[in-house]
Structures are given as C-alpha cells and as structure tokens.
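To start, the structure under review is shown below, and the notes come after it.
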Amino acid sequence: MVGINIQTDQSKQKLTLEELRGLVLEAEHFLPRKHQKMLLNLVDLERITVNDVMIPRNQIEALNINAEANELRQQIITSHHTLVPVYSDTPSQIIGILHLKRVLSLLQEETLDIQQLRGVLHDPYFIPSDTPLLKQLQQFQERHTRMGLVVDEYGELLGLVTLENILEEIVGEFTTQSPSQTGKFLRQDDGSFLLEGGSSLRELNRKLGLHLPLDGAKTLNGLILDHLEDMPETGTSVKIADYPIEIIQMQDRIIKVARIFPAQTKKQ
C-alpha cells in the first residue's frame with residue numbers, strides 16, 4: 001500500500017467569531033430558538049468584558065470590619081448573599097471576602113469576635129475590567145471560586161462580578177420572580193417602567209426586552225448623562241433609541257429614578 005500523507009493548513013480551519021455566529025444564525029431551522037440564543041450568547045462571551053456585566057461599586061453589599069460588633073452581626077444575619085466583601089473604613093479598601101458558612105459558629109457567641117472574623121476571611125480576588133467573559137468563566141473554574149472584584153488599570157475598585165452574572169449572559173435569568181416586581185424594575189399601568197438610575201443597560205435589555213445601546217455607557221444613568229451632555233433636572237424628558245425617558249428623581253448629581261416608556265415606532 002502506498003501511504004498518503006495529507007497535510008492540512010490549520011489556520012484555514014479556524015473560524016472567526018463572526019463566521020461562527022453566522023453558522024449559528026443559519027442553523028435557525030435546525031435548532032430550537034432557545035438553544036440558538038444560548039449558542040449566540042456563548043459566542044458573544046469573547047467580545048463582552050466583565051466591565052459590561054459587573055455589579056457597580058455603589059451597589060455592592062459589603063461589611064465594614066471597623067463597625068460595631070453588634071452592627072456587623074446584624075448585617076451578617078440579614079445578608080442575602082453567601083459571599084460578602086469586607087472592607088476597612090472605605091468600601092474601596094477591600095481586605096477580604098467572607099463566606100457566611102464559615103462564620104456561623106462565631107454568631108453563636110454572645111459577642112462577635114472581630115479578630116476571629118478577620119481570621120476566616122478569604123483573600124480578595126481582583127479582576128482587570130477588560131477581561132473577556134469567556135476567559136473569566138475559565139478562570140472561575142480553575143480557581144474554584146465564583147466571585148471577583150473588578151478593578152481598573154490603576155487598581156481602583158469598579159465593581160463585582162460573579163459566576164452567576166456570566167452564566168446569566170448565556171442562559172438568562174435564574175430567578176423565577178417577575179422582573180416587573182423586583183426592586184430595580186416596577187411596571188406601571190401605562191406599560192412604562194420605573195427604573196433605578198444605576199441599573200445595568202445589559203440587564204435592562206435582557207430582563208425587559210429593551211434595545212438600549214451598549215456601545216458606550218454601562219448604566220441607565222450614564223446613558224442619559226452622555227446623551228444630554230449636561231446635568232439634568234427632575235422632570236427632564238429625553239428620547240434614546242426611540243424610548244421616551246423621563247427623569248423622576250435626582251440625588252447628588254446622579255439620576256436616582258427614571259421612567260422609560262415603550263419604544264415609539266417610526267411612522268412610514
């Protein structure tokens with residue numbers, strides 16, 4: 001027998017993200033819509049960064065290690081999270097991560113021992129803000145952890161990202177609660193929504209089926225301020241991407257609450 005040596009050019013076999021996306025789109029007749037959407041979301045993990053999906057710094061639930069012991073105990077008992085950042089004096093000075101499961105025995109004591117509390121903290125895990133979500137998903141797996149703190153190039157704390165944040169980009173929300181009934185979104189009788197200004201644009205698009213632009217600002221507050229290029233007053237109205245938006249409440253030069261109406265379709 002004559003041996004045939006077939007050489008292939010590996011570089012020609014690699015697909016770009018756009019080519020892969022195109023193949024998934026072309027397979028719409030062979031895949032359930034939900035599965036196709038998940039595959040498209042998975043492809044997009046390479047172009048989305050942790051900065052796009054993180055919980056902003058001002059929305060992070062954290063503990064001040066220098067607070068009174070009774071106050072700390074109460075915060076721990078009432079926390080809705082399993083992992084909680086712990087800081088010293090200022091929220092940007094994170095000194096560790098508290099796993100609530102490891103502190104249960106300390107809560108049995110009459111007075112919370114702060115030194116013992118310090119002893120059960122995990123070292124904080126810092127993530128550069130430009131890290132692609134796909135890479136971060138792999139790093140969470142390798143590190144056997146599911147939460148990290150997002151920092152900029154100067155080490156300044158920007159926010160927090162969890163494994164759940166990334167998985168929700170692929171499969172959607174895990175919660176069974178209606179988005180219109182959550183704290184950030186309140187549906188009105190006229191079909192509009194009352195929204196917190198710090199709400200993530202990606203989260204609004206995903207949960208409420210909106211199509212707000214994602215190429216600039218990350219939050220509703222940032223989007224409105226960028227569009228107006230000025231500090232607005234309560235009652236100011238603006239239209240962005242065909243969505244009428246009314247500013248309901250301002251606080252410390254930040255849009256606290258805004259109302260967004262259904263998109264106004266253009267007449268032919």
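Letters for chains follow the order of the structure tokens (A, B, ...), residue numbers begin at 1 for each chain, and ligand numbers begin at 1 in the order shown.
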_Just list as a ChimeraX atom specification whatever in stretch 143-224 of chain A DSSP marks as strand (DSSP E)._
/A:147-151,157-162,185-187,193-196
_Separation of atom CA of A:Asn70 from atom CA of A:Thr111, in Å and rounded to one decimal_ = 7.4 Å
*List the neighbours of A:Thr131 out to 8 Å using only C-alpha atoms; skip same-chain residues closer than 4 positions along the sequence, and give me the result as a PyMOL selection string.*
chain A and resi 49-51+127+135-136
*A:Gly209: which residues within 12 Å, counting only C-alpha atoms, same-chain residues fewer than 3 positions away excluded, as a ChimeraX atom specification?*
/A:172,179-180,193,201-206,212,262-263
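The shell of residues at most 10 Å from stretch 242-247 of chain A, with only C-alpha atoms counted and near chain neighbours (fewer than 6 positions) removed, consists of Ser192, Phe193, Leu194, Leu195, Gly197, Leu210, His211, Leu212, Asn221, Ile224, Pro232, Glu233, Thr234, Gly235, Thr236, Ile255, Lys256, Val257, Ala258, Arg259, Ile260, Phe261, Pro262, Ala263, Gln264, Thr265 and Lys266 of chain A.
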_DSSP helix (DSSP H, G or I) residues within stretch 6-252 of chain A, as a ChimeraX atom specification_ = /A:10-13,17-29,33-44,50-53,57-59,69-78,100-103,106-108,114-119,133-143,163-171,179-181,201-208,220-228
*Looking at A:Arg118, A:His99, A:Arg146, A:Lys207, which one is nearest to A:Val161, with distances taken over only C-alpha atoms?*
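Ranked by minimum distance to A:Val161, first place goes to A:Arg146.
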*Mind pulling up the distance from atom CA of A:Leu134 to atom CA of A:Lys37?*
16.3 Å
*Nearby residues (only C-alpha atoms) at most 12 Å from A:Ser79, same-chain spacing under 6 positions excluded, as a list of chain:residue names*: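 Selected residues are A:Ile60, A:Glu61, A:Ala62, A:Leu63, A:Leu72, A:Arg73, A:Pro85, A:Leu98, A:His99, A:Leu100, A:Lys101.
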Would you save the residues of that selection, restricted to C-alpha atoms, as a PDB file, in the first residue's frame?
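Now in again.pdb:
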```
ATOM      1  CA  ILE A  60     -22.083  46.152  46.334  1.00  0.00           C
ATOM      2  CA  GLU A  61     -23.276  44.830  49.691  1.00  0.00           C
ATOM      3  CA  ALA A  62     -20.187  44.848  51.907  1.00  0.00           C
ATOM      4  CA  LEU A  63     -19.209  44.829  55.587  1.00  0.00           C
ATOM      5  CA  LEU A  72     -21.690  43.607  61.999  1.00  0.00           C
ATOM      6  CA  ARG A  73     -23.590  40.680  63.468  1.00  0.00           C
ATOM      7  CA  PRO A  85     -16.749  41.589  50.610  1.00  0.00           C
ATOM      8  CA  LEU A  98     -16.408  36.479  53.994  1.00  0.00           C
ATOM      9  CA  HIS A  99     -18.082  33.133  53.319  1.00  0.00           C
ATOM     10  CA  LEU A 100     -21.115  33.219  55.594  1.00  0.00           C
ATOM     11  CA  LYS A 101     -20.949  29.462  56.097  1.00  0.00           C
TER      12      LYS A 101
END
```
*Long-range neighbours of A:Pro91 as a count of residues only, 8 Å cut-off, only C-alpha atoms, 3 positions minimum in chain*: 5
*Tell me which of A:Gln59, A:Asn66, A:Asn165, A:Gln249 sits closest to A:Asp113, counting only C-alpha atoms.*
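Distance minimum relative to A:Asp113 lands on A:Asn66.
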